[in-house]
>>> print(open('data_16.cif').read())   # mmCIF, C-alpha atoms
data_model
#
loop_
_atom_site.group_PDB
_atom_site.id
_atom_site.type_symbol
_atom_site.label_atom_id
_atom_site.label_comp_id
_atom_site.auth_asym_id
_atom_site.auth_seq_id
_atom_site.Cartn_x
_atom_site.Cartn_y
_atom_site.Cartn_z
ATOM 1 C CA MET A 205 31.276 10.865 1.928
ATOM 2 C CA THR A 206 30.082 8.831 -1.070
ATOM 3 C CA MET A 207 27.705 10.210 -3.665
ATOM 4 C CA ASN A 208 24.936 8.043 -2.214
ATOM 5 C CA ASP A 209 25.601 9.395 1.283
ATOM 6 C CA ALA A 210 25.440 12.936 -0.043
ATOM 7 C CA PHE A 211 22.173 12.244 -1.826
ATOM 8 C CA ASP A 212 20.753 10.553 1.294
ATOM 9 C CA GLU A 213 21.574 13.672 3.306
ATOM 10 C CA ARG A 214 19.867 15.881 0.728
ATOM 11 C CA LEU A 215 16.840 13.606 0.786
ATOM 12 C CA ARG A 216 16.628 13.719 4.589
ATOM 13 C CA ALA A 217 16.927 17.492 4.482
ATOM 14 C CA ALA A 218 14.186 17.665 1.843
ATOM 15 C CA PHE A 219 11.834 15.596 4.019
ATOM 16 C CA ALA A 220 12.649 17.761 7.039
ATOM 17 C CA ALA A 221 12.022 20.930 5.034
ATOM 18 C CA ALA A 222 8.693 19.547 3.806
ATOM 19 C CA GLN A 223 7.371 19.113 7.356
ATOM 20 C CA PRO A 224 4.644 21.565 8.398
ATOM 21 C CA GLY A 225 5.954 24.634 10.197
ATOM 22 C CA GLU A 226 5.961 25.250 13.934
ATOM 23 C CA ASP A 227 3.506 28.106 13.422
ATOM 24 C CA GLU A 228 0.711 25.576 12.853
ATOM 25 C CA ALA A 229 1.722 23.445 15.824
ATOM 26 C CA ASP A 230 -0.437 25.205 18.432
ATOM 27 C CA ALA A 231 -3.637 24.779 16.439
ATOM 28 C CA PHE A 232 -2.862 21.117 15.775
ATOM 29 C CA VAL A 233 -2.067 20.387 19.439
ATOM 30 C CA LYS A 234 -5.318 22.092 20.447
ATOM 31 C CA LYS A 235 -7.322 19.893 18.059
ATOM 32 C CA VAL A 236 -5.690 16.691 19.326
ATOM 33 C CA LYS A 237 -6.199 17.653 22.971
ATOM 34 C CA ALA A 238 -9.865 18.465 22.290
ATOM 35 C CA ARG A 239 -10.326 15.009 20.800
ATOM 36 C CA MET A 240 -8.523 13.404 23.744
ATOM 37 C CA SER A 241 -11.036 14.964 26.122
ATOM 38 C CA HIS A 242 -13.990 13.799 24.045
ATOM 39 C CA PRO A 243 -13.405 10.344 22.567
ATOM 40 C CA VAL A 244 -15.543 9.381 19.613
ATOM 41 C CA ARG A 245 -19.090 9.738 20.926
ATOM 42 C CA ARG A 246 -20.777 7.896 18.108
ATOM 43 C CA ARG A 247 -18.672 4.771 18.690
ATOM 44 C CA ALA A 248 -19.427 4.769 22.401
ATOM 45 C CA ILE A 249 -23.142 5.285 21.775
ATOM 46 C CA ILE A 250 -23.311 2.503 19.176
ATOM 47 C CA LEU A 251 -21.351 0.069 21.351
ATOM 48 C CA GLY A 252 -23.275 1.057 24.458
ATOM 49 C CA GLY A 253 -26.604 0.728 22.647
ATOM 50 C CA ALA A 254 -25.700 -2.680 21.247
ATOM 51 C CA GLY A 255 -24.501 -3.833 24.670
ATOM 52 C CA SER A 256 -27.620 -2.569 26.433
ATOM 53 C CA THR A 257 -29.902 -4.238 23.892
ATOM 54 C CA GLY A 258 -27.967 -7.487 24.259
ATOM 55 C CA SER A 259 -28.207 -7.246 28.033
ATOM 56 C CA ALA A 260 -31.941 -6.657 27.913
ATOM 57 C CA ILE A 261 -32.496 -9.648 25.606
ATOM 58 C CA ALA A 262 -30.239 -11.832 27.766
ATOM 59 C CA GLY A 263 -32.086 -10.613 30.863
ATOM 60 C CA THR A 264 -35.443 -11.797 29.526
ATOM 61 C CA GLN A 265 -34.003 -15.294 29.103
ATOM 62 C CA LEU A 266 -32.515 -15.463 32.593
ATOM 63 C CA GLU A 267 -35.759 -16.242 34.395
ATOM 64 C CA GLY A 268 -36.179 -19.425 32.381
ATOM 65 C CA LEU A 269 -32.555 -20.348 33.026
ATOM 66 C CA PHE A 270 -32.852 -19.868 36.785
ATOM 67 C CA ASN A 271 -36.113 -21.876 36.806
ATOM 68 C CA THR A 272 -34.282 -24.985 35.627
ATOM 69 C CA PHE A 273 -31.975 -25.110 38.663
ATOM 70 C CA GLN A 274 -33.112 -27.261 41.560
ATOM 71 C CA ILE A 275 -30.549 -26.712 44.288
ATOM 72 C CA PRO A 276 -31.092 -28.747 47.454
ATOM 73 C CA ALA A 277 -30.864 -26.295 50.312
ATOM 74 C CA GLU A 278 -31.390 -26.139 54.039
ATOM 75 C CA GLY A 279 -30.791 -23.611 56.806
ATOM 76 C CA TRP A 280 -29.896 -20.092 55.666
ATOM 77 C CA THR A 281 -29.433 -21.137 52.031
ATOM 78 C CA ALA A 282 -33.030 -22.371 52.046
ATOM 79 C CA GLN A 283 -34.175 -18.990 53.380
ATOM 80 C CA LEU A 284 -32.136 -17.240 50.726
ATOM 81 C CA ALA A 285 -33.585 -19.476 48.016
ATOM 82 C CA ALA A 286 -37.088 -18.558 49.208
ATOM 83 C CA ILE A 287 -36.309 -14.855 48.778
ATOM 84 C CA ALA A 288 -34.285 -15.222 45.570
ATOM 85 C CA SER A 289 -36.918 -16.440 43.194
ATOM 86 C CA PRO A 290 -35.930 -16.797 39.517
ATOM 87 C CA GLU A 291 -37.628 -13.454 38.820
ATOM 88 C CA VAL A 292 -35.607 -11.712 41.516
ATOM 89 C CA MET A 293 -32.330 -13.261 40.338
ATOM 90 C CA ALA A 294 -33.037 -12.313 36.728
ATOM 91 C CA THR A 295 -33.893 -8.762 37.751
ATOM 92 C CA THR A 296 -30.714 -8.510 39.861
ATOM 93 C CA VAL A 297 -28.464 -9.710 37.044
ATOM 94 C CA LEU A 298 -30.171 -7.391 34.574
ATOM 95 C CA ALA A 299 -29.820 -4.460 36.978
ATOM 96 C CA LEU A 300 -26.110 -5.228 37.416
ATOM 97 C CA MET A 301 -25.562 -5.311 33.654
ATOM 98 C CA ILE A 302 -27.419 -2.062 33.060
ATOM 99 C CA GLY A 303 -25.627 -0.498 36.032
ATOM 100 C CA GLY A 304 -22.326 -1.520 34.445
ATOM 101 C CA PHE A 305 -23.178 0.279 31.219
ATOM 102 C CA ALA A 306 -24.413 3.314 33.134
ATOM 103 C CA PHE A 307 -21.056 3.393 34.955
ATOM 104 C CA ILE A 308 -18.861 2.944 31.867
ATOM 105 C CA LEU A 309 -20.701 5.000 29.231
ATOM 106 C CA PRO A 310 -20.296 8.441 30.814
ATOM 107 C CA LYS A 311 -16.556 7.850 30.976
ATOM 108 C CA ARG A 312 -16.384 6.956 27.298
ATOM 109 C CA ILE A 313 -18.488 9.807 25.975
ATOM 110 C CA MET B 66 15.438 21.543 31.840
ATOM 111 C CA LYS B 67 13.294 20.030 29.088
ATOM 112 C CA ALA B 68 11.861 16.608 29.918
ATOM 113 C CA SER B 69 12.804 13.797 27.534
ATOM 114 C CA ASP B 70 10.169 11.977 25.485
ATOM 115 C CA GLU B 71 10.502 8.954 27.735
ATOM 116 C CA GLU B 72 9.958 11.035 30.879
ATOM 117 C CA LEU B 73 6.843 12.598 29.367
ATOM 118 C CA VAL B 74 5.570 9.157 28.359
ATOM 119 C CA ALA B 75 6.076 7.916 31.937
ATOM 120 C CA LEU B 76 4.098 10.912 33.195
ATOM 121 C CA VAL B 77 1.263 10.269 30.740
ATOM 122 C CA VAL B 78 1.139 6.569 31.652
ATOM 123 C CA ALA B 79 1.114 7.327 35.387
ATOM 124 C CA THR B 80 -1.295 10.271 35.459
ATOM 125 C CA ARG B 81 -2.959 10.450 31.999
ATOM 126 C CA ASP B 82 -1.675 14.029 31.965
ATOM 127 C CA ASN B 83 -3.128 15.713 28.859
ATOM 128 C CA ASP B 84 -0.599 18.536 28.978
ATOM 129 C CA ALA B 85 2.343 16.129 29.020
ATOM 130 C CA PHE B 86 0.904 14.325 26.022
ATOM 131 C CA GLY B 87 0.249 17.693 24.398
ATOM 132 C CA GLU B 88 3.970 18.412 24.667
ATOM 133 C CA LEU B 89 4.738 15.101 22.926
ATOM 134 C CA VAL B 90 2.254 16.054 20.197
ATOM 135 C CA ARG B 91 3.925 19.454 19.832
ATOM 136 C CA ARG B 92 7.372 17.867 19.473
ATOM 137 C CA HIS B 93 6.393 15.276 16.898
ATOM 138 C CA GLN B 94 3.466 16.828 15.027
ATOM 139 C CA GLY B 95 5.673 18.091 12.203
ATOM 140 C CA LEU B 96 7.147 14.645 11.630
ATOM 141 C CA ILE B 97 3.824 12.798 11.686
ATOM 142 C CA ARG B 98 1.931 15.372 9.626
ATOM 143 C CA GLY B 99 4.752 15.448 7.104
ATOM 144 C CA MET B 100 4.888 11.647 6.973
ATOM 145 C CA MET B 101 1.122 11.403 6.418
ATOM 146 C CA ALA B 102 1.208 14.135 3.787
ATOM 147 C CA ARG B 103 3.976 12.358 1.854
ATOM 148 C CA MET B 104 2.245 8.977 2.108
ATOM 149 C CA SER B 105 -1.319 10.015 1.360
ATOM 150 C CA ARG B 106 -0.404 12.874 -0.997
ATOM 151 C CA ASN B 107 -3.470 14.658 0.326
ATOM 152 C CA ARG B 108 -2.972 17.413 2.867
ATOM 153 C CA ALA B 109 -6.511 17.414 4.311
ATOM 154 C CA LEU B 110 -6.570 13.644 4.707
ATOM 155 C CA ALA B 111 -3.052 13.747 6.158
ATOM 156 C CA GLU B 112 -4.171 16.170 8.881
ATOM 157 C CA ASP B 113 -7.024 13.855 9.908
ATOM 158 C CA LEU B 114 -4.791 10.793 9.858
ATOM 159 C CA ALA B 115 -2.135 12.569 11.914
ATOM 160 C CA GLN B 116 -4.754 13.456 14.536
ATOM 161 C CA ASP B 117 -6.016 9.859 14.529
ATOM 162 C CA ALA B 118 -2.444 8.614 14.974
ATOM 163 C CA PHE B 119 -1.879 10.792 18.046
ATOM 164 C CA ILE B 120 -5.221 9.775 19.559
ATOM 165 C CA ARG B 121 -4.336 6.111 18.991
ATOM 166 C CA ALA B 122 -0.904 6.718 20.533
ATOM 167 C CA PHE B 123 -2.572 8.260 23.582
ATOM 168 C CA GLU B 124 -4.856 5.234 23.940
ATOM 169 C CA LYS B 125 -2.006 2.762 23.540
ATOM 170 C CA ILE B 126 0.726 4.655 25.333
ATOM 171 C CA GLY B 127 0.929 1.988 28.020
ATOM 172 C CA SER B 128 2.262 -0.421 25.403
ATOM 173 C CA PHE B 129 5.345 1.729 24.759
ATOM 174 C CA THR B 130 8.077 -0.319 26.397
ATOM 175 C CA GLY B 131 10.950 2.051 25.754
ATOM 176 C CA ALA B 132 12.788 -0.638 23.751
ATOM 177 C CA GLY B 133 13.178 1.760 20.807
ATOM 178 C CA SER B 134 12.732 5.495 20.516
ATOM 179 C CA PHE B 135 9.336 7.089 21.079
ATOM 180 C CA LYS B 136 9.623 8.611 17.614
ATOM 181 C CA SER B 137 9.891 5.187 15.940
ATOM 182 C CA TRP B 138 7.022 3.836 18.027
ATOM 183 C CA LEU B 139 4.886 6.810 17.032
ATOM 184 C CA CYS B 140 5.790 6.426 13.343
ATOM 185 C CA ARG B 141 4.767 2.761 13.546
ATOM 186 C CA ILE B 142 1.369 3.729 14.970
ATOM 187 C CA ALA B 143 0.994 6.425 12.316
ATOM 188 C CA TYR B 144 1.839 3.944 9.559
ATOM 189 C CA ASN B 145 -0.770 1.503 10.912
ATOM 190 C CA GLU B 146 -3.371 4.282 10.979
ATOM 191 C CA PHE B 147 -2.539 5.130 7.394
ATOM 192 C CA LEU B 148 -2.843 1.462 6.374
ATOM 193 C CA MET B 149 -6.131 0.962 8.206
ATOM 194 C CA ALA B 150 -7.623 4.095 6.689
ATOM 195 C CA ALA B 151 -6.512 3.071 3.220
ATOM 196 C CA ARG B 152 -7.924 -0.435 3.609
ATOM 197 C CA LYS B 153 -11.135 0.630 5.282
ATOM 198 C CA ARG B 154 -12.164 3.261 2.849
ATOM 199 C CA LYS B 155 -11.790 2.637 -0.820
ATOM 200 C CA ALA B 156 -13.393 6.018 -1.175
ATOM 201 C CA THR B 157 -10.266 7.472 0.366
ATOM 202 C CA GLU B 158 -8.243 6.186 -2.551
ATOM 203 C CA ARG B 159 -10.680 7.795 -4.947
ATOM 204 C CA ALA B 160 -10.383 11.024 -2.993
ATOM 205 C CA MET B 161 -6.596 10.721 -3.109
ATOM 206 C CA GLU B 162 -6.746 10.339 -6.877
ATOM 207 C CA LYS B 163 -8.838 13.484 -6.983
ATOM 208 C CA PHE B 164 -6.458 15.386 -4.748
ATOM 209 C CA LYS B 165 -3.437 14.321 -6.785
ATOM 210 C CA GLY B 166 -4.550 17.119 -9.055
ATOM 211 C CA ASP B 167 -3.395 19.546 -6.346
ATOM 212 C CA VAL B 168 0.166 19.104 -7.591
ATOM 213 C CA ASP B 169 0.619 21.222 -10.651
ATOM 214 C CA ASP B 170 2.380 18.982 -13.133
ATOM 215 C CA THR B 171 2.743 21.695 -15.704
ATOM 216 C CA GLU B 172 5.177 23.584 -13.510
ATOM 217 C CA ALA B 173 8.850 22.831 -14.164
ATOM 218 C CA PRO B 174 10.475 21.068 -11.226
ATOM 219 C CA ARG B 175 12.923 23.243 -9.316
ATOM 220 C CA ASP B 176 15.022 21.755 -6.543
ATOM 221 C CA MET B 177 14.614 19.210 -3.807
ATOM 222 C CA GLY B 178 13.826 21.899 -1.246
ATOM 223 C CA SER B 179 10.410 22.454 -2.742
ATOM 224 C CA VAL B 180 7.586 20.468 -1.134
ATOM 225 C CA VAL B 181 5.782 20.286 -4.460
ATOM 226 C CA ASP B 182 8.836 18.787 -6.139
ATOM 227 C CA LEU B 183 9.396 16.287 -3.357
ATOM 228 C CA ASP B 184 5.778 15.185 -3.616
ATOM 229 C CA ARG B 185 6.023 15.006 -7.377
ATOM 230 C CA ALA B 186 9.204 12.952 -7.104
ATOM 231 C CA LEU B 187 7.572 10.608 -4.592
ATOM 232 C CA ALA B 188 4.620 10.218 -6.953
ATOM 233 C CA THR B 189 6.960 8.477 -9.415
ATOM 234 C CA LEU B 190 7.569 5.664 -6.905
ATOM 235 C CA LYS B 191 5.505 2.550 -6.404
ATOM 236 C CA GLU B 192 3.375 2.419 -3.241
ATOM 237 C CA ASP B 193 5.769 0.134 -1.340
ATOM 238 C CA GLU B 194 8.826 2.071 -2.467
ATOM 239 C CA ARG B 195 7.272 5.336 -1.324
ATOM 240 C CA THR B 196 6.287 3.826 2.029
ATOM 241 C CA VAL B 197 9.765 2.577 2.908
ATOM 242 C CA ILE B 198 11.438 5.733 1.596
ATOM 243 C CA VAL B 199 9.189 7.854 3.824
ATOM 244 C CA LEU B 200 9.761 5.607 6.838
ATOM 245 C CA CYS B 201 13.541 5.579 6.376
ATOM 246 C CA PHE B 202 14.196 9.154 5.284
ATOM 247 C CA SER B 203 11.381 11.059 6.963
ATOM 248 C CA CYS B 204 11.013 9.071 10.193
ATOM 249 C CA GLY B 205 14.679 8.093 10.350
ATOM 250 C CA MET B 206 13.923 4.383 10.704
ATOM 251 C CA SER B 207 16.611 1.807 10.004
ATOM 252 C CA HIS B 208 15.923 -0.799 7.322
ATOM 253 C CA SER B 209 15.176 -3.362 10.052
ATOM 254 C CA GLU B 210 12.726 -1.034 11.778
ATOM 255 C CA ALA B 211 10.992 -0.327 8.475
ATOM 256 C CA ALA B 212 10.802 -4.079 7.826
ATOM 257 C CA GLU B 213 9.304 -4.661 11.265
ATOM 258 C CA THR B 214 6.805 -1.835 10.813
ATOM 259 C CA THR B 215 5.617 -2.808 7.345
ATOM 260 C CA GLY B 216 5.884 -6.561 7.763
ATOM 261 C CA MET B 217 8.040 -6.777 4.624
ATOM 262 C CA PRO B 218 11.157 -8.978 4.583
ATOM 263 C CA LEU B 219 14.362 -7.032 5.268
ATOM 264 C CA GLY B 220 15.745 -7.806 1.802
ATOM 265 C CA THR B 221 12.594 -6.440 0.180
ATOM 266 C CA VAL B 222 12.838 -3.245 2.207
ATOM 267 C CA LYS B 223 16.470 -2.799 1.182
ATOM 268 C CA SER B 224 15.700 -3.298 -2.482
ATOM 269 C CA HIS B 225 12.699 -0.928 -2.303
ATOM 270 C CA VAL B 226 14.871 1.717 -0.639
ATOM 271 C CA ASN B 227 17.635 1.334 -3.232
ATOM 272 C CA ARG B 228 15.244 1.341 -6.166
ATOM 273 C CA GLY B 229 13.245 4.250 -4.757
ATOM 274 C CA ARG B 230 16.390 6.254 -4.055
ATOM 275 C CA GLU B 231 17.663 5.683 -7.584
ATOM 276 C CA LYS B 232 14.353 6.837 -9.039
ATOM 277 C CA LEU B 233 14.344 9.960 -6.860
ATOM 278 C CA LYS B 234 17.946 10.680 -7.756
ATOM 279 C CA ALA B 235 17.147 10.374 -11.455
ATOM 280 C CA PHE B 236 14.098 12.630 -11.014
ATOM 281 C CA PHE B 237 16.046 15.390 -9.310
ATOM 282 C CA GLU B 238 19.015 15.127 -11.684
ATOM 283 C CA THR B 239 16.645 15.573 -14.609
ATOM 284 C CA ALA B 240 14.923 18.440 -12.817
ATOM 285 C CA GLU B 241 18.228 20.170 -12.138
ATOM 286 C CA ALA B 242 19.394 19.669 -15.710
ATOM 287 C CA VAL B 243 16.184 21.277 -16.990
ATOM 288 C CA ALA B 244 16.402 24.227 -14.567
#
>>> encode(input="data_16.cif", output="structure tokens")
Amino acid sequence: MTMNDAFDERLRAAFAAAQPGEDEADAFVKKVKARMSHPVRRRAIILGGAGSTGSAIAGTQLEGLFNTFQIPAEGWTAQLAAIASPEVMATTVLALMIGGFAFILPKRI
Amino acid sequence: MKASDEELVALVVATRDNDAFGELVRRHQGLIRGMMARMSRNRALAEDLAQDAFIRAFEKIGSFTGAGSFKSWLCRIAYNEFLMAARKRKATERAMEKFKGDVDDTEAPRDMGSVVDLDRALATLKEDERTVIVLCFSCGMSHSEAAETTGMPLGTVKSHVNRGREKLKAFFETAEAVA
């Protein structure tokens, strides 16, 4: 064993000795597991809030977007088009987006 | 028979089993907390960073491919957490400066077995030297692994390790001569 090897071993031993003791392990594991069960709420709320606001703003623009489409239709597609007015389509899309957030948020908080 | 790290990881990936991950935390908490304490030189901050590292590991556990050891993978995540925290919060650095005062410099150094002396010795190193020394000697990473983790060229890592080791050696030789 060279002098460097011997010093390396001493250094490794010093780092190992400086590690926190096993007696504190239980408390640390408990803290980590508690955080695993409850991910950062604030982050989820901020992201969810920003997403919901964005969805609502986008939703208000959808009606105008759907109004610009003129799709030639006949038969059952014509009947569908009669039911699905731009307002209805915009409301459906908005409901889907909000439903998505309502589904995801509880899992993140 | 005790399950290996890899078996526990497979269980966590398949079932998101909190208890299996808890066992991984129990096995490696000393290493990660020690690593964070040596790097940040602030025990309270180190505890928070160690918790963050394990939470991040839990979130990203699916990306562990088993190519290297779980311990190295975990150390890499912990190092990234440390880096992100240091970059994100300049205030952290100020706090670290404040907490440096926790080490009593008036006390004569004793031997390498003392945590205070190890921390004081590490304080004599430059940031990069300390980082690679901790990764290599505390986490047991090879020079190549440390280079991959830190993004430094392999040659730079080797020279940091050699220079850092020489400084530590000189520190402890002086300390032992004084004692």
>>> atom_distance(input="data_16.cif", atom1="CA of Ser137 (chain B)", atom2="CA of Asp212 (chain A)")
19.0 Å
>>> interface_residues(input="data_16.cif", of="chain A", to="chain B", cutoff="10 Å", atoms="all atoms listed in the file", output="ChimeraX atom specification")
/A:208,211-226,228-241,243
>>> closest_residue(input="data_16.cif", among="B:Val226, B:Ala111, B:Met206, B:Leu219", to="Lys191 (chain B)", atoms="all atoms listed in the file")
B:Val226
>>> residues_around(input="data_16.cif", residues="Thr189 (chain B)", least_positions_apart="6", cutoff="10 Å", atoms="all atoms listed in the file", output="number ranges by chain")
B: 195, 229, 232-233, 236
>>> residues_around(input="data_16.cif", residues="Ile126 (chain B)", least_positions_apart="2", cutoff="8 Å", atoms="only C-alpha atoms", output="PyMOL selection string")
chain B and resi 74+77-78+122-124+128-129
>>> closest_residue(input="data_16.cif", among="B:Arg152, B:Glu241, B:Met104, B:Leu110", to="Glu192 (chain B)", atoms="all atoms listed in the file")
B:Met104
>>> atom_distance(input="data_16.cif", atom1="CA of Ser224 (chain B)", atom2="CA of Glu194 (chain B)")
8.7 Å
>>> atom_distance(input="data_16.cif", atom1="CA of Lys136 (chain B)", atom2="CA of Lys153 (chain B)")
25.4 Å
>>> resolve_selection(input="data_16.cif", expression="the PyMOL selection byres ((chain B and resi 208) around 10)", output="NGL selection string")
:B and (197-198 or 200-201 or 205-207 or 209-214 or 218-223 or 226)
>>> build_atoms(input="data_16.cif", residues="region 101-131 of chain B", atoms="N, CA and C atoms", output="PDB file, in the coordinates of the input")
ATOM      1  N   MET B 101       2.449  11.699   6.965  1.00  0.00           N
ATOM      2  CA  MET B 101       1.122  11.403   6.418  1.00  0.00           C
ATOM      3  C   MET B 101       0.902  12.134   5.095  1.00  0.00           C
ATOM      4  N   ALA B 102       1.387  13.364   5.022  1.00  0.00           N
ATOM      5  CA  ALA B 102       1.208  14.135   3.787  1.00  0.00           C
ATOM      6  C   ALA B 102       1.972  13.482   2.631  1.00  0.00           C
ATOM      7  N   ARG B 103       3.186  12.997   2.914  1.00  0.00           N
ATOM      8  CA  ARG B 103       3.976  12.358   1.854  1.00  0.00           C
ATOM      9  C   ARG B 103       3.343  11.029   1.437  1.00  0.00           C
ATOM     10  N   MET B 104       2.811  10.291   2.420  1.00  0.00           N
ATOM     11  CA  MET B 104       2.245   8.977   2.108  1.00  0.00           C
ATOM     12  C   MET B 104       0.895   9.079   1.413  1.00  0.00           C
ATOM     13  N   SER B 105       0.032   9.954   1.922  1.00  0.00           N
ATOM     14  CA  SER B 105      -1.319  10.015   1.360  1.00  0.00           C
ATOM     15  C   SER B 105      -1.390  10.958   0.159  1.00  0.00           C
ATOM     16  N   ARG B 106      -0.441  11.863   0.070  1.00  0.00           N
ATOM     17  CA  ARG B 106      -0.404  12.874  -0.997  1.00  0.00           C
ATOM     18  C   ARG B 106      -1.692  13.713  -1.006  1.00  0.00           C
ATOM     19  N   ASN B 107      -2.229  13.882   0.179  1.00  0.00           N
ATOM     20  CA  ASN B 107      -3.470  14.658   0.326  1.00  0.00           C
ATOM     21  C   ASN B 107      -3.399  15.360   1.678  1.00  0.00           C
ATOM     22  N   ARG B 108      -3.236  16.660   1.642  1.00  0.00           N
ATOM     23  CA  ARG B 108      -2.972  17.413   2.867  1.00  0.00           C
ATOM     24  C   ARG B 108      -4.125  17.324   3.887  1.00  0.00           C
ATOM     25  N   ALA B 109      -5.360  17.434   3.396  1.00  0.00           N
ATOM     26  CA  ALA B 109      -6.511  17.414   4.311  1.00  0.00           C
ATOM     27  C   ALA B 109      -6.634  16.045   4.987  1.00  0.00           C
ATOM     28  N   LEU B 110      -6.498  15.005   4.164  1.00  0.00           N
ATOM     29  CA  LEU B 110      -6.570  13.644   4.707  1.00  0.00           C
ATOM     30  C   LEU B 110      -5.413  13.403   5.676  1.00  0.00           C
ATOM     31  N   ALA B 111      -4.235  13.917   5.317  1.00  0.00           N
ATOM     32  CA  ALA B 111      -3.052  13.747   6.158  1.00  0.00           C
ATOM     33  C   ALA B 111      -3.268  14.360   7.545  1.00  0.00           C
ATOM     34  N   GLU B 112      -3.914  15.515   7.589  1.00  0.00           N
ATOM     35  CA  GLU B 112      -4.171  16.170   8.881  1.00  0.00           C
ATOM     36  C   GLU B 112      -5.051  15.283   9.760  1.00  0.00           C
ATOM     37  N   ASP B 113      -6.113  14.730   9.155  1.00  0.00           N
ATOM     38  CA  ASP B 113      -7.024  13.855   9.908  1.00  0.00           C
ATOM     39  C   ASP B 113      -6.290  12.607  10.392  1.00  0.00           C
ATOM     40  N   LEU B 114      -5.509  12.019   9.495  1.00  0.00           N
ATOM     41  CA  LEU B 114      -4.791  10.793   9.858  1.00  0.00           C
ATOM     42  C   LEU B 114      -3.764  11.067  10.952  1.00  0.00           C
ATOM     43  N   ALA B 115      -3.125  12.220  10.886  1.00  0.00           N
ATOM     44  CA  ALA B 115      -2.135  12.569  11.914  1.00  0.00           C
ATOM     45  C   ALA B 115      -2.823  12.708  13.270  1.00  0.00           C
ATOM     46  N   GLN B 116      -3.999  13.341  13.271  1.00  0.00           N
ATOM     47  CA  GLN B 116      -4.754  13.456  14.536  1.00  0.00           C
ATOM     48  C   GLN B 116      -5.134  12.073  15.049  1.00  0.00           C
ATOM     49  N   ASP B 117      -5.630  11.223  14.134  1.00  0.00           N
ATOM     50  CA  ASP B 117      -6.016   9.859  14.529  1.00  0.00           C
ATOM     51  C   ASP B 117      -4.818   9.117  15.128  1.00  0.00           C
ATOM     52  N   ALA B 118      -3.648   9.315  14.509  1.00  0.00           N
ATOM     53  CA  ALA B 118      -2.444   8.614  14.974  1.00  0.00           C
ATOM     54  C   ALA B 118      -2.103   9.035  16.404  1.00  0.00           C
ATOM     55  N   PHE B 119      -2.201  10.333  16.687  1.00  0.00           N
ATOM     56  CA  PHE B 119      -1.879  10.792  18.046  1.00  0.00           C
ATOM     57  C   PHE B 119      -2.921  10.307  19.066  1.00  0.00           C
ATOM     58  N   ILE B 120      -4.188  10.274  18.646  1.00  0.00           N
ATOM     59  CA  ILE B 120      -5.221   9.775  19.559  1.00  0.00           C
ATOM     60  C   ILE B 120      -4.969   8.301  19.863  1.00  0.00           C
ATOM     61  N   ARG B 121      -4.645   7.540  18.815  1.00  0.00           N
ATOM     62  CA  ARG B 121      -4.336   6.111  18.991  1.00  0.00           C
ATOM     63  C   ARG B 121      -3.112   5.948  19.899  1.00  0.00           C
ATOM     64  N   ALA B 122      -2.113   6.784  19.695  1.00  0.00           N
ATOM     65  CA  ALA B 122      -0.904   6.718  20.533  1.00  0.00           C
ATOM     66  C   ALA B 122      -1.253   6.988  21.993  1.00  0.00           C
ATOM     67  N   PHE B 123      -2.152   7.935  22.215  1.00  0.00           N
ATOM     68  CA  PHE B 123      -2.572   8.260  23.582  1.00  0.00           C
ATOM     69  C   PHE B 123      -3.260   7.051  24.219  1.00  0.00           C
ATOM     70  N   GLU B 124      -4.122   6.394  23.416  1.00  0.00           N
ATOM     71  CA  GLU B 124      -4.856   5.234  23.940  1.00  0.00           C
ATOM     72  C   GLU B 124      -3.915   4.063  24.248  1.00  0.00           C
ATOM     73  N   LYS B 125      -2.874   3.932  23.408  1.00  0.00           N
ATOM     74  CA  LYS B 125      -2.006   2.762  23.540  1.00  0.00           C
ATOM     75  C   LYS B 125      -0.684   3.065  24.231  1.00  0.00           C
ATOM     76  N   ILE B 126      -0.585   4.218  24.848  1.00  0.00           N
ATOM     77  CA  ILE B 126       0.726   4.655  25.333  1.00  0.00           C
ATOM     78  C   ILE B 126       1.320   3.692  26.374  1.00  0.00           C
ATOM     79  N   GLY B 127       0.448   2.969  27.050  1.00  0.00           N
ATOM     80  CA  GLY B 127       0.929   1.988  28.020  1.00  0.00           C
ATOM     81  C   GLY B 127       1.727   0.869  27.382  1.00  0.00           C
ATOM     82  N   SER B 128       1.546   0.670  26.075  1.00  0.00           N
ATOM     83  CA  SER B 128       2.262  -0.421  25.403  1.00  0.00           C
ATOM     84  C   SER B 128       3.644   0.012  24.927  1.00  0.00           C
ATOM     85  N   PHE B 129       3.999   1.290  25.132  1.00  0.00           N
ATOM     86  CA  PHE B 129       5.345   1.729  24.759  1.00  0.00           C
ATOM     87  C   PHE B 129       6.315   1.232  25.825  1.00  0.00           C
ATOM     88  N   THR B 130       7.195   0.326  25.419  1.00  0.00           N
ATOM     89  CA  THR B 130       8.077  -0.319  26.397  1.00  0.00           C
ATOM     90  C   THR B 130       9.402   0.423  26.572  1.00  0.00           C
ATOM     91  N   GLY B 131       9.679   1.335  25.675  1.00  0.00           N
ATOM     92  CA  GLY B 131      10.950   2.051  25.754  1.00  0.00           C
ATOM     93  C   GLY B 131      12.085   1.284  25.095  1.00  0.00           C
TER      94      GLY B 131
END
